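> Enclosed is the structure file data15.txt (compact mmCIF, C-alpha atoms).
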# COMPACT_ATOMS: atom_id res chain seq x y z
CA MET A 1 51.04 -39.46 -19.31
CA ARG A 2 51.27 -36.83 -16.64
CA ASN A 3 50.12 -34.10 -19.05
CA PHE A 4 47.22 -36.22 -20.27
CA VAL A 5 45.80 -37.53 -17.02
CA PHE A 6 45.47 -34.26 -15.17
CA PRO A 7 43.48 -32.37 -17.84
CA ALA A 8 41.15 -35.33 -18.30
CA PHE A 9 40.46 -35.41 -14.60
CA ALA A 10 39.95 -31.66 -14.50
CA TRP A 11 37.48 -31.78 -17.38
CA ALA A 12 35.58 -34.56 -15.67
CA CYS A 13 35.24 -32.40 -12.58
CA LEU A 14 34.06 -29.40 -14.58
CA LEU A 15 31.49 -31.31 -16.59
CA THR A 16 29.80 -33.09 -13.72
CA PRO A 17 29.22 -30.61 -10.92
CA LEU A 18 27.29 -32.06 -8.03
CA GLN A 19 26.51 -35.23 -9.93
CA ALA A 20 28.25 -37.61 -7.63
CA ASN A 21 26.82 -41.13 -7.84
CA ASN A 22 25.45 -40.20 -11.27
CA VAL A 23 22.35 -38.66 -9.73
CA PRO A 24 20.88 -36.15 -12.19
CA ARG A 25 19.96 -32.81 -10.73
CA ARG A 26 16.33 -31.89 -10.35
CA VAL A 27 15.05 -29.10 -12.58
CA ILE A 28 13.05 -25.97 -11.74
CA VAL A 29 11.54 -24.11 -14.68
CA CYS A 30 10.54 -20.52 -13.88
CA SER A 31 8.52 -18.13 -15.95
CA THR A 32 10.57 -14.96 -15.33
CA THR A 33 14.13 -13.98 -14.59
CA GLN A 34 13.21 -12.68 -11.13
CA THR A 35 11.55 -15.90 -10.00
CA ALA A 36 14.50 -17.86 -11.40
CA ASP A 37 16.91 -15.78 -9.33
CA PHE A 38 14.85 -16.36 -6.19
CA ALA A 39 14.83 -20.09 -6.91
CA ARG A 40 18.63 -20.12 -7.33
CA GLN A 41 19.07 -18.44 -3.98
CA VAL A 42 17.11 -21.29 -2.36
CA VAL A 43 18.48 -24.35 -4.16
CA GLY A 44 22.04 -23.31 -4.94
CA ASP A 45 23.62 -25.73 -7.39
CA ARG A 46 21.65 -28.69 -6.14
CA TRP A 47 18.96 -28.11 -8.78
CA GLN A 48 19.16 -26.78 -12.30
CA VAL A 49 17.19 -23.54 -12.53
CA LYS A 50 15.91 -22.51 -15.95
CA SER A 51 13.85 -19.53 -17.03
CA VAL A 52 11.38 -19.51 -19.91
CA LEU A 53 11.99 -15.81 -20.45
CA ALA A 54 15.43 -14.45 -21.17
CA SER A 55 16.56 -11.13 -19.76
CA GLY A 56 14.84 -8.19 -21.42
CA GLU A 57 11.75 -10.17 -22.46
CA ASP A 58 8.29 -8.97 -21.52
CA PRO A 59 6.16 -11.55 -19.62
CA HIS A 60 2.92 -9.79 -20.52
CA LEU A 61 3.54 -10.26 -24.24
CA HIS A 62 5.26 -13.64 -24.35
CA GLN A 63 4.00 -16.03 -27.02
CA VAL A 64 4.40 -19.67 -26.00
CA THR A 65 6.54 -21.78 -28.31
CA ALA A 66 7.13 -25.51 -28.72
CA ASN A 67 10.49 -25.04 -27.02
CA ASP A 68 8.74 -23.69 -23.93
CA SER A 69 6.68 -26.89 -23.73
CA LYS A 70 9.82 -28.99 -24.11
CA LEU A 71 11.52 -27.03 -21.36
CA VAL A 72 8.60 -27.40 -18.98
CA ALA A 73 8.46 -31.12 -19.76
CA THR A 74 11.92 -31.45 -18.12
CA ALA A 75 10.78 -29.78 -14.90
CA ASP A 76 10.36 -31.32 -11.48
CA LEU A 77 8.83 -28.05 -10.35
CA CYS A 78 7.45 -25.02 -12.18
CA ILE A 79 7.31 -21.50 -10.79
CA GLU A 80 5.16 -18.58 -11.91
CA ASN A 81 4.72 -15.06 -10.64
CA GLY A 82 0.92 -15.18 -10.87
CA TRP A 83 -1.82 -12.52 -10.94
CA HIS A 84 -1.66 -12.63 -14.76
CA LEU A 85 1.87 -11.22 -15.06
CA GLU A 86 2.30 -14.08 -17.49
CA GLY A 87 -0.15 -12.84 -20.16
CA LYS A 88 -3.13 -15.21 -20.49
CA ASP A 89 -1.52 -17.26 -17.72
CA TRP A 90 0.88 -18.94 -20.12
CA MET A 91 3.06 -20.50 -17.41
CA ARG A 92 0.09 -22.04 -15.63
CA THR A 93 -1.13 -23.48 -18.94
CA LEU A 94 2.30 -24.91 -19.73
CA ALA A 95 2.58 -26.55 -16.30
CA GLU A 96 -0.94 -27.96 -16.46
CA ASP A 97 -0.41 -29.32 -19.96
CA GLU A 98 2.73 -31.13 -18.81
CA ARG A 99 1.15 -32.11 -15.44
CA LYS A 100 3.90 -30.44 -13.45
CA PRO A 101 3.59 -29.02 -9.94
CA LEU A 102 3.36 -25.23 -9.99
CA VAL A 103 4.24 -22.66 -7.33
CA THR A 104 2.56 -19.26 -7.57
CA CYS A 105 4.99 -16.86 -5.93
CA THR A 106 2.44 -14.15 -5.15
CA GLU A 107 0.35 -16.48 -3.00
CA GLY A 108 -0.02 -14.92 0.46
CA ILE A 109 0.82 -11.37 -0.64
CA LYS A 110 -1.65 -8.55 -0.05
CA PRO A 111 -2.28 -7.20 -3.56
CA GLU A 112 -2.43 -3.62 -4.71
CA GLN A 113 -5.63 -3.55 -6.72
CA PHE A 114 -6.94 -1.41 -9.55
CA ASN A 115 -10.60 -0.95 -10.35
CA GLU A 116 -10.66 -1.26 -14.12
CA ALA A 117 -14.02 -1.27 -15.89
CA ASP A 118 -15.76 -2.56 -12.74
CA GLU A 119 -13.22 -5.34 -12.43
CA LEU A 120 -10.74 -5.55 -9.57
CA VAL A 121 -7.31 -6.30 -10.98
CA SER A 122 -4.39 -7.33 -8.73
CA ASP A 123 -1.13 -5.66 -9.70
CA PRO A 124 1.27 -8.55 -10.35
CA HIS A 125 4.55 -6.62 -9.92
CA ALA A 126 4.73 -7.50 -6.24
CA TRP A 127 8.47 -8.33 -6.23
CA PHE A 128 9.26 -4.61 -6.29
CA SER A 129 8.77 -4.57 -2.54
CA PRO A 130 11.57 -6.54 -0.85
CA GLN A 131 9.06 -7.59 1.82
CA ASN A 132 6.96 -9.19 -0.89
CA ALA A 133 10.09 -10.69 -2.41
CA SER A 134 10.62 -12.46 0.90
CA ILE A 135 7.19 -14.10 0.44
CA TYR A 136 8.19 -15.24 -3.07
CA VAL A 137 11.31 -16.84 -1.60
CA ARG A 138 9.46 -18.57 1.24
CA ASN A 139 6.88 -19.97 -1.18
CA ILE A 140 9.65 -21.41 -3.34
CA GLN A 141 11.50 -22.84 -0.34
CA LYS A 142 8.40 -24.62 0.95
CA ALA A 143 7.74 -26.23 -2.42
CA VAL A 144 11.35 -27.30 -2.87
CA CYS A 145 11.44 -28.85 0.62
CA GLN A 146 8.30 -30.84 -0.13
CA ILE A 147 9.94 -32.38 -3.18
CA ASP A 148 13.39 -32.86 -1.64
CA PRO A 149 13.01 -33.12 2.15
CA ASP A 150 16.43 -34.79 2.49
CA HIS A 151 18.14 -31.44 1.93
CA GLN A 152 15.65 -29.29 3.81
CA SER A 153 18.24 -27.87 6.19
CA ASP A 154 20.37 -26.64 3.24
CA TYR A 155 17.38 -24.93 1.64
CA GLU A 156 16.36 -23.36 4.93
CA ALA A 157 19.86 -22.08 5.62
CA ARG A 158 20.15 -20.49 2.17
CA THR A 159 16.68 -18.97 2.51
CA ARG A 160 17.51 -17.47 5.90
CA LEU A 161 20.65 -15.85 4.50
CA TYR A 162 18.80 -14.46 1.49
CA LEU A 163 16.00 -13.08 3.68
CA ASP A 164 18.65 -11.23 5.65
CA GLN A 165 20.00 -9.84 2.38
CA LEU A 166 16.49 -8.69 1.41
CA ARG A 167 16.13 -6.93 4.76
CA THR A 168 19.49 -5.23 4.20
CA LEU A 169 18.39 -4.19 0.70
CA HIS A 170 15.16 -2.70 2.08
CA LEU A 171 17.03 -0.68 4.72
CA TRP A 172 19.59 0.44 2.17
CA ILE A 173 16.85 1.67 -0.18
CA GLN A 174 15.24 3.62 2.67
CA ARG A 175 18.57 5.24 3.40
CA GLN A 176 19.19 6.13 -0.27
CA PHE A 177 15.76 7.69 -0.80
CA ASN A 178 16.09 9.77 2.31
CA SER A 179 18.13 12.15 0.14
CA ILE A 180 15.17 12.80 -2.18
CA PRO A 181 12.72 15.44 -0.92
CA ALA A 182 9.12 14.22 -0.69
CA ASN A 183 7.91 16.60 -3.42
CA ARG A 184 10.37 15.06 -5.89
CA ARG A 185 9.42 11.47 -5.19
CA ILE A 186 7.42 11.01 -8.37
CA LEU A 187 8.27 8.08 -10.59
CA VAL A 188 7.08 8.23 -14.19
CA THR A 189 7.81 5.05 -16.16
CA SER A 190 6.56 3.28 -19.26
CA HIS A 191 4.04 0.99 -17.57
CA ASP A 192 2.50 0.72 -14.14
CA ALA A 193 5.04 -1.73 -12.71
CA PHE A 194 6.30 0.24 -9.75
CA ASN A 195 3.25 0.57 -7.48
CA TYR A 196 4.60 -1.72 -4.74
CA PHE A 197 7.96 -0.01 -4.94
CA CYS A 198 6.35 3.43 -4.75
CA LYS A 199 4.16 2.42 -1.82
CA ALA A 200 7.12 0.96 0.08
CA TYR A 201 9.28 4.04 -0.38
CA LYS A 202 6.65 6.80 -0.44
CA PHE A 203 6.76 7.71 -4.11
CA GLN A 204 3.89 8.61 -6.40
CA ALA A 205 3.68 6.66 -9.66
CA ALA A 206 2.45 7.61 -13.12
CA ALA A 207 2.63 5.56 -16.33
CA PRO A 208 0.94 5.76 -19.71
CA LEU A 209 0.64 2.03 -20.36
CA GLY A 210 -1.41 0.76 -17.40
CA TRP A 211 -0.46 -2.28 -15.33
CA SER A 212 0.28 -4.47 -18.35
CA THR A 213 1.78 -3.95 -21.78
CA GLY A 214 -0.60 -6.64 -23.03
CA ALA A 215 -4.32 -6.69 -23.74
CA GLU A 216 -5.87 -7.46 -20.35
CA THR A 217 -8.49 -5.30 -18.64
CA GLY A 218 -6.91 -2.01 -17.64
CA ALA A 219 -3.81 -2.68 -19.68
CA GLY A 220 -2.21 -0.93 -22.60
CA LEU A 221 -2.21 2.62 -23.90
CA THR A 222 -5.30 4.80 -24.09
CA PRO A 223 -5.38 8.46 -25.13
CA GLU A 224 -6.77 9.33 -21.68
CA ARG A 225 -3.96 7.53 -19.88
CA ARG A 226 -1.35 9.14 -22.11
CA GLN A 227 -2.77 12.61 -21.47
CA ALA A 228 -3.08 11.94 -17.73
CA THR A 229 0.62 11.05 -17.60
CA ILE A 230 1.58 14.27 -19.38
CA ASP A 231 -0.71 16.24 -17.05
CA SER A 232 0.91 14.61 -14.01
CA ILE A 233 4.37 15.50 -15.29
CA ARG A 234 3.36 19.12 -15.75
CA ASN A 235 1.27 19.50 -12.59
CA PHE A 236 3.89 18.05 -10.30
CA GLY A 237 6.83 19.76 -11.97
CA VAL A 238 8.48 16.46 -12.85
CA LYS A 239 11.81 17.02 -14.58
CA THR A 240 12.84 13.46 -15.40
CA ILE A 241 11.05 10.28 -16.44
CA PHE A 242 12.34 6.75 -17.01
CA VAL A 243 12.24 4.06 -19.66
CA GLU A 244 12.15 0.36 -18.77
CA THR A 245 14.52 -2.30 -20.03
CA SER A 246 11.74 -4.69 -21.05
CA VAL A 247 9.39 -2.16 -22.69
CA ASN A 248 9.80 -0.36 -26.01
CA PRO A 249 11.11 3.13 -25.09
CA ARG A 250 9.44 4.89 -28.05
CA LEU A 251 6.31 5.97 -26.16
CA ILE A 252 8.10 7.35 -23.13
CA ARG A 253 10.48 9.26 -25.41
CA GLU A 254 7.50 10.82 -27.20
CA ILE A 255 5.97 11.80 -23.88
CA ALA A 256 9.26 13.25 -22.64
CA LYS A 257 9.49 15.38 -25.77
CA GLU A 258 5.90 16.52 -25.54
CA ALA A 259 6.11 17.36 -21.84
CA GLY A 260 9.54 18.95 -22.18
CA VAL A 261 11.32 16.68 -19.69
CA GLU A 262 14.41 14.49 -19.81
CA ILE A 263 14.86 10.73 -19.81
CA GLY A 264 16.61 9.90 -16.55
CA GLY A 265 17.79 6.47 -17.54
CA GLN A 266 16.63 2.87 -17.84
CA LEU A 267 15.00 0.95 -15.02
CA TYR A 268 14.77 -2.82 -14.75
CA SER A 269 11.09 -3.69 -14.43
CA ASP A 270 9.58 -6.99 -15.59
CA SER A 271 12.93 -8.52 -16.42
CA MET A 272 16.41 -8.44 -14.96
CA GLY A 273 19.65 -7.67 -16.77
CA ASN A 274 21.79 -9.87 -19.00
CA ALA A 275 24.27 -12.25 -17.43
CA GLY A 276 27.40 -10.35 -16.53
CA THR A 277 25.61 -7.04 -15.97
CA ALA A 278 24.99 -5.36 -12.64
CA GLY A 279 21.28 -6.09 -12.98
CA GLU A 280 21.53 -9.84 -13.48
CA THR A 281 20.21 -10.59 -9.99
CA TYR A 282 17.26 -9.25 -8.04
CA LEU A 283 19.52 -7.51 -5.52
CA GLY A 284 21.52 -6.04 -8.39
CA MET A 285 18.55 -4.82 -10.40
CA MET A 286 16.99 -3.18 -7.34
CA ARG A 287 20.31 -1.57 -6.41
CA GLU A 288 20.87 -0.23 -9.93
CA ASN A 289 17.29 1.06 -10.18
CA VAL A 290 17.62 2.91 -6.90
CA LEU A 291 20.95 4.45 -7.87
CA THR A 292 19.50 5.56 -11.20
CA ILE A 293 16.50 7.14 -9.49
CA VAL A 294 18.51 8.80 -6.72
CA GLY A 295 21.10 10.11 -9.16
CA THR A 296 18.35 11.77 -11.18
CA LEU A 297 15.75 12.96 -8.69
CA LYS A 298 17.71 14.23 -5.69
CA MET B 299 50.38 -38.13 -10.41
CA CYS B 300 51.42 -37.85 -6.88
CA THR B 301 49.60 -38.12 -3.64
CA ARG B 302 50.39 -36.89 -0.22
CA ASN B 303 49.57 -38.48 3.05
CA TYR B 304 48.49 -36.12 5.72
CA GLY B 305 48.66 -37.29 9.29
CA ALA B 306 45.49 -37.23 11.31
CA ALA B 307 45.12 -34.06 13.34
CA GLN B 308 45.66 -34.51 17.04
CA VAL B 309 42.75 -33.15 19.03
CA ASP B 310 42.88 -33.27 22.79
CA VAL B 311 39.45 -33.55 24.29
CA LEU B 312 39.60 -32.35 27.85
CA PRO B 313 36.97 -33.39 30.35
CA GLU B 314 34.56 -30.59 31.18
CA VAL B 315 34.41 -29.33 34.73
CA ILE B 316 31.15 -27.80 35.85
CA ALA B 317 31.82 -24.40 37.41
CA PRO B 318 30.71 -24.11 41.00
CA GLY B 319 28.09 -21.56 42.02
CA VAL B 320 24.56 -20.65 40.99
CA PHE B 321 24.39 -18.85 37.63
CA ARG B 322 21.58 -16.63 36.42
CA LEU B 323 21.01 -15.02 33.02
CA GLU B 324 19.07 -11.78 32.72
CA LEU B 325 18.19 -10.32 29.33
CA THR B 326 16.60 -6.86 29.25
CA LEU B 327 15.10 -5.45 26.07
CA THR B 328 15.18 -1.72 25.41
CA PHE B 329 12.66 -2.09 22.57
CA PRO B 330 9.60 -4.23 21.85
CA ALA B 331 10.53 -7.56 20.27
CA GLU B 332 8.04 -8.21 17.50
CA ARG B 333 7.54 -10.29 14.41
CA ASP B 334 9.76 -9.42 11.51
CA PRO B 335 8.49 -9.39 7.89
CA PHE B 336 11.81 -10.81 6.72
CA ALA B 337 11.81 -13.71 9.19
CA PHE B 338 12.10 -17.22 7.82
CA ASP B 339 8.87 -18.42 9.43
CA LEU B 340 6.42 -15.56 9.88
CA GLU B 341 4.18 -17.45 12.30
CA ASN B 342 6.62 -19.46 14.38
CA GLU B 343 9.90 -17.56 14.24
CA PRO B 344 10.99 -16.73 17.78
CA THR B 345 10.86 -13.03 18.61
CA VAL B 346 13.44 -13.73 21.32
CA LEU B 347 15.86 -16.62 21.14
CA VAL B 348 18.79 -17.35 23.43
CA ALA B 349 20.75 -20.56 23.04
CA PHE B 350 23.44 -21.74 25.44
CA ARG B 351 25.84 -24.47 24.41
CA GLY B 352 23.58 -25.24 21.44
CA LYS B 353 20.33 -25.55 23.41
CA ASN B 354 17.55 -22.99 23.47
CA ILE B 355 17.15 -21.58 26.97
CA ILE B 356 14.79 -18.73 26.00
CA ARG B 357 12.46 -19.03 23.05
CA THR B 358 9.24 -17.16 22.59
CA THR B 359 7.23 -16.39 19.48
CA ASN B 360 5.10 -13.76 21.22
CA PRO B 361 5.82 -10.04 21.21
CA VAL B 362 7.85 -8.92 24.25
CA GLN B 363 7.44 -5.38 25.60
CA ALA B 364 10.31 -2.94 25.95
CA GLY B 365 11.82 -2.96 29.41
CA THR B 366 10.94 -6.59 30.05
CA SER B 367 13.63 -8.67 31.75
CA LEU B 368 13.76 -12.32 30.78
CA GLN B 369 15.56 -14.58 33.23
CA VAL B 370 16.96 -18.08 33.33
CA GLN B 371 17.80 -19.36 36.80
CA PRO B 372 19.59 -21.54 37.52
CA LEU B 373 21.68 -21.50 34.38
CA GLN B 374 23.08 -25.00 34.20
CA HIS B 375 26.14 -26.60 32.62
CA VAL B 376 28.44 -23.58 32.89
CA VAL B 377 31.94 -25.02 32.60
CA GLU B 378 35.35 -23.95 33.77
CA GLY B 379 38.39 -23.56 31.61
CA ASN B 380 39.72 -21.43 28.79
CA ASP B 381 36.34 -21.14 27.16
CA GLU B 382 37.30 -18.25 24.93
CA GLN B 383 38.92 -20.74 22.62
CA SER B 384 36.67 -23.70 23.16
CA GLY B 385 33.41 -21.78 23.04
CA GLY B 386 32.35 -23.93 25.96
CA ASN B 387 30.12 -21.27 27.51
CA GLU B 388 28.90 -19.60 24.35
CA PHE B 389 25.51 -17.91 24.23
CA TYR B 390 23.83 -17.05 20.94
CA PHE B 391 21.05 -14.50 21.00
CA GLU B 392 18.67 -13.18 18.38
CA ILE B 393 15.91 -10.67 19.08
CA LEU B 394 13.62 -9.48 16.28
CA ALA B 395 12.96 -5.78 16.05
CA GLY B 396 9.59 -5.64 14.29
CA GLU B 397 8.34 -4.19 11.05
CA ASP B 398 8.98 -0.47 11.41
CA SER B 399 12.35 -0.58 13.02
CA SER B 400 14.81 1.59 11.19
CA VAL B 401 16.89 2.56 14.20
CA ALA B 402 19.54 0.61 16.12
CA ARG B 403 18.26 -1.51 19.01
CA GLY B 404 19.95 -2.51 22.22
CA VAL B 405 19.74 -5.52 24.54
CA ARG B 406 21.35 -5.71 27.98
CA PHE B 407 22.84 -9.07 28.73
CA ARG B 408 23.82 -9.84 32.34
CA ILE B 409 25.05 -13.03 33.93
CA PHE B 410 25.25 -13.47 37.67
CA ARG B 411 27.23 -15.99 39.65
CA ASP B 412 25.96 -16.32 43.21
CA GLU B 413 24.20 -12.97 42.60
CA GLN B 414 27.46 -11.25 41.67
CA VAL B 415 27.54 -9.77 38.17
CA VAL B 416 30.14 -11.54 36.02
CA VAL B 417 28.95 -10.27 32.61
CA ASP B 418 27.22 -6.96 31.91
CA GLN B 419 27.13 -6.13 28.21
CA THR B 420 24.77 -4.25 25.93
CA ALA B 421 24.59 -5.50 22.37
CA TRP B 422 23.41 -3.23 19.57
CA SER B 423 21.91 -4.02 16.20
CA HIS B 424 22.55 -2.23 12.96
CA PRO B 425 19.57 0.05 12.22
CA GLY B 426 16.49 -1.99 11.42
CA GLU B 427 18.15 -5.35 11.87
CA PRO B 428 17.64 -7.94 14.59
CA VAL B 429 19.97 -7.85 17.56
CA ARG B 430 22.18 -10.89 17.08
CA GLY B 431 25.45 -12.10 18.41
CA THR B 432 27.35 -14.31 20.78
CA VAL B 433 28.55 -13.87 24.32
CA ASN B 434 31.34 -16.02 25.69
CA LEU B 435 31.37 -16.48 29.42
CA VAL B 436 34.85 -17.36 30.59
CA ILE B 437 35.17 -18.94 34.01
CA LEU B 438 38.78 -19.79 34.78
CA ALA B 439 39.49 -22.64 37.14
CA PRO B 440 40.63 -21.36 40.52
CA PRO B 441 44.31 -21.84 41.32
CA GLU B 442 45.13 -23.92 44.34
CA THR B 443 45.51 -21.02 46.77
CA GLU B 444 43.98 -17.90 45.21
CA HIS B 445 40.58 -16.72 44.10
CA ALA B 446 40.16 -17.15 40.38
CA PRO B 447 40.01 -14.08 38.13
CA GLU B 448 37.03 -14.00 35.81
CA ASP B 449 36.82 -12.63 32.35
CA HIS B 450 34.22 -12.28 29.67
CA SER B 451 33.89 -11.05 26.13
CA VAL B 452 31.12 -10.16 23.70
CA ASP B 453 31.08 -10.59 19.97
CA ARG B 454 28.29 -9.14 17.93
CA ASP B 455 27.43 -9.78 14.30
Show this structure as structure tokens.


Amino acid sequence: MRNFVFPAFAWACLLTPLQANNVPRRVIVCSTTQTADFARQVVGDRWQVKSVLASGEDPHLHQVTANDSKLVATADLCIENGWHLEGKDWMRTLAEDERKPLVTCTEGIKPEQFNEADELVSDPHAWFSPQNASIYVRNIQKAVCQIDPDHQSDYEARTRLYLDQLRTLHLWIQRQFNSIPANRRILVTSHDAFNYFCKAYKFQAAAPLGWSTGAETGAGLTPERRQATIDSIRNFGVKTIFVETSVNPRLIREIAKEAGVEIGGQLYSDSMGNAGTAGETYLGMMRENVLTIVGTLK
Amino acid sequence: MCTRNYGAAQVDVLPEVIAPGVFRLELTLTFPAERDPFAFDLENEPTVLVAFRGKNIIRTTNPVQAGTSLQVQPLQHVVEGNDEQSGGNEFYFEILAGEDSSVARGVRFRIFRDEQVVVDQTAWSHPGEPVRGTVNLVILAPPETEHAPEDHSVDRD
């Protein structure tokens, strides 16, 4: 009896975390791994946080499936990055189809804009600046508190702690990049995802694929953009360029070969790392990116 | 299965004795306190916050210039006793250091009792971070025949 009762009790505890009084947890469905991590920092285990994209998947190219619709149908709140990171605004469409409230994390951020074919395009990769990431987190916190005001103080306390961590990250990155001379602060990657990062830490950016790997205005590979990237590598004496974890590395390898430079490593860009890796959280992916860049460029 | 009964913890609640004298707090900034891009509430987050015994005694959301002294006089509800353990006279302070602050910042924290300095401490932030911490003001009860010694301590995050 003794051997039987204790394991049964233990299993009951493991299988029903935070479901006292049989209250099911609310559900947040996020488009990307970054927004899902931000949401987890705000809600802890009080909500279930799910991501449509798995680690390594490209939000620009995602094709919506029936399973995505089923997932969004379970949501109490949906979260998107916005500014067309989700190609053809697939997360907005999913939320609207299921009549779910939607938070756009980039709301309130000052965009970096490209003029592409007489159209102003806002760069959606705003999370690469920790200051912008703090706006993502505040937007999520406000929406969560509106839905669950009873636990507002918990959400606020978690958010305050995470904002402190983002500030620490920002200061740490500044300190790390101090070791890279200004003339070596040139970041060549597969696609134009690092503009906010480069602006925040005084780098210059070059990429052959434009701001999106998809088919939007100003996106994708053109012969001019490819050549301009190679010219930048040669003109600025760049010795190392980087592939991204969520983009096919073939193109950047071709460019490295043609320009006679090395691949410095992989950077997390539109997606974070797999569970159990150093890049599985926003803080982790930023830390690993910075260490990869510093280790190569200094 | 077995269970254990734990006795209820005995907590002695001593009556608080208000310390005699007129107390004054003076906080002097060596840097401009400004809004912080990583603050929880960008519009309404206090640039300078000082709480004493859980109540805000200084709270402003406006920028404060370097060199400004902020004062609270009289500072009320200062209590006697071994406050180092009870936290009876604990101050919490938080001063935001603005957007482009990547150096350490200092704040001078002085407490006067009948215009005599009883605490004079400067608290420093880590580079780029707000100046935050607690100050415990310890006012020992005077013995029957002698003047009471006073002590203080500062803890910083």

> At a cut-off of 9 Å, list the chain A residues touching chain B, using all atoms listed in the file, as a PyMOL selection string.

chain A and resi 2+5-6+130-132+134-135+138+156+159-160+163-164+166-168+171+174

> Using only C-alpha atoms, determine which residues lie at most 10 Å from Asn354 in chain B, disregarding the query and same-chain residues fewer than 3 positions distant; provide the list as a CSV table (one decimal) with C-alpha atoms, in the frame of the given file.


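Written file, selection-v2.csv:
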chain,number,residue,atom,x,y,z
B,347,LEU,CA,15.9,-16.6,21.1
B,348,VAL,CA,18.8,-17.4,23.4
B,349,ALA,CA,20.8,-20.6,23.0
B,350,PHE,CA,23.4,-21.7,25.4
B,351,ARG,CA,25.8,-24.5,24.4
B,357,ARG,CA,12.5,-19.0,23.0
B,389,PHE,CA,25.5,-17.9,24.2
B,390,TYR,CA,23.8,-17.0,20.9
B,391,PHE,CA,21.0,-14.5,21.0

> Under the rule that all atoms listed in the file are counted, which of B:Ala439, B:Val377, B:Ile356, B:Ile393 is the nearest residue to Ala421 in chain B?

B:Ile393

> What is the CA of Arg40 in chain A to CA of Asp154 in chain A distance in Å?

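Answer for the CA of Arg40 in chain A to CA of Asp154 in chain A separation: 12.5 Å.
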
> Quick one, how far is CA of Asn115 in chain A from CA of Gln204 in chain A?

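For CA of Asn115 in chain A relative to CA of Gln204 in chain A, the distance reads 17.8 Å.
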
> Using all atoms listed in the file, which of B:Leu327, B:Leu435, B:Val401, B:Val320 sits nearest Ser367 in chain B?

B:Leu327

> Return the single residue from B:Gly396, B:Gly404, B:Gly431, B:Gly386 that is closest to Ala317 in chain B, with distances computed using only C-alpha atoms.

B:Gly386

> In Å, how far is it from CA of Thr359 in chain B to CA of Asn342 in chain B?

6.0 Å

> Return the padded bounding box of range 248-258 of chain A as JSON: axis-aligned, built from all atoms listed in the file, 3 Å added on each side, with centre and edge lengths in Å to one decimal.


{"center_x": 8.5, "center_y": 8.1, "center_z": -25.3, "size_x": 11.2, "size_y": 22.9, "size_z": 11.4}

> Atoms are missing here; could range 248-259 of chain A be completed with N, CA and C atoms and written as a PDB file, keeping the file's coordinate frame?


ATOM      1  N   ASN A 248       9.354  -1.245 -24.922  1.00  0.00           N
ATOM      2  CA  ASN A 248       9.800  -0.360 -26.010  1.00  0.00           C
ATOM      3  C   ASN A 248       9.830   1.091 -25.523  1.00  0.00           C
ATOM      4  N   PRO A 249      10.981   1.770 -25.662  1.00  0.00           N
ATOM      5  CA  PRO A 249      11.110   3.130 -25.090  1.00  0.00           C
ATOM      6  C   PRO A 249      10.453   4.223 -25.947  1.00  0.00           C
ATOM      7  N   ARG A 250       9.923   3.862 -27.117  1.00  0.00           N
ATOM      8  CA  ARG A 250       9.440   4.890 -28.050  1.00  0.00           C
ATOM      9  C   ARG A 250       8.396   5.810 -27.409  1.00  0.00           C
ATOM     10  N   LEU A 251       7.405   5.192 -26.726  1.00  0.00           N
ATOM     11  CA  LEU A 251       6.310   5.970 -26.160  1.00  0.00           C
ATOM     12  C   LEU A 251       6.802   6.953 -25.106  1.00  0.00           C
ATOM     13  N   ILE A 252       7.652   6.473 -24.225  1.00  0.00           N
ATOM     14  CA  ILE A 252       8.100   7.350 -23.130  1.00  0.00           C
ATOM     15  C   ILE A 252       8.976   8.469 -23.693  1.00  0.00           C
ATOM     16  N   ARG A 253       9.680   8.191 -24.779  1.00  0.00           N
ATOM     17  CA  ARG A 253      10.480   9.260 -25.410  1.00  0.00           C
ATOM     18  C   ARG A 253       9.562  10.326 -26.012  1.00  0.00           C
ATOM     19  N   GLU A 254       8.470   9.861 -26.629  1.00  0.00           N
ATOM     20  CA  GLU A 254       7.500  10.820 -27.200  1.00  0.00           C
ATOM     21  C   GLU A 254       6.921  11.695 -26.096  1.00  0.00           C
ATOM     22  N   ILE A 255       6.569  11.055 -24.996  1.00  0.00           N
ATOM     23  CA  ILE A 255       5.970  11.800 -23.880  1.00  0.00           C
ATOM     24  C   ILE A 255       6.968  12.783 -23.295  1.00  0.00           C
ATOM     25  N   ALA A 256       8.213  12.349 -23.168  1.00  0.00           N
ATOM     26  CA  ALA A 256       9.260  13.250 -22.640  1.00  0.00           C
ATOM     27  C   ALA A 256       9.393  14.480 -23.524  1.00  0.00           C
ATOM     28  N   LYS A 257       9.349  14.259 -24.832  1.00  0.00           N
ATOM     29  CA  LYS A 257       9.490  15.380 -25.770  1.00  0.00           C
ATOM     30  C   LYS A 257       8.293  16.327 -25.657  1.00  0.00           C
ATOM     31  N   GLU A 258       7.115  15.714 -25.596  1.00  0.00           N
ATOM     32  CA  GLU A 258       5.900  16.520 -25.540  1.00  0.00           C
ATOM     33  C   GLU A 258       5.806  17.323 -24.241  1.00  0.00           C
ATOM     34  N   ALA A 259       6.220  16.689 -23.144  1.00  0.00           N
ATOM     35  CA  ALA A 259       6.110  17.360 -21.840  1.00  0.00           C
ATOM     36  C   ALA A 259       7.329  18.218 -21.539  1.00  0.00           C
TER      37      ALA A 259
END
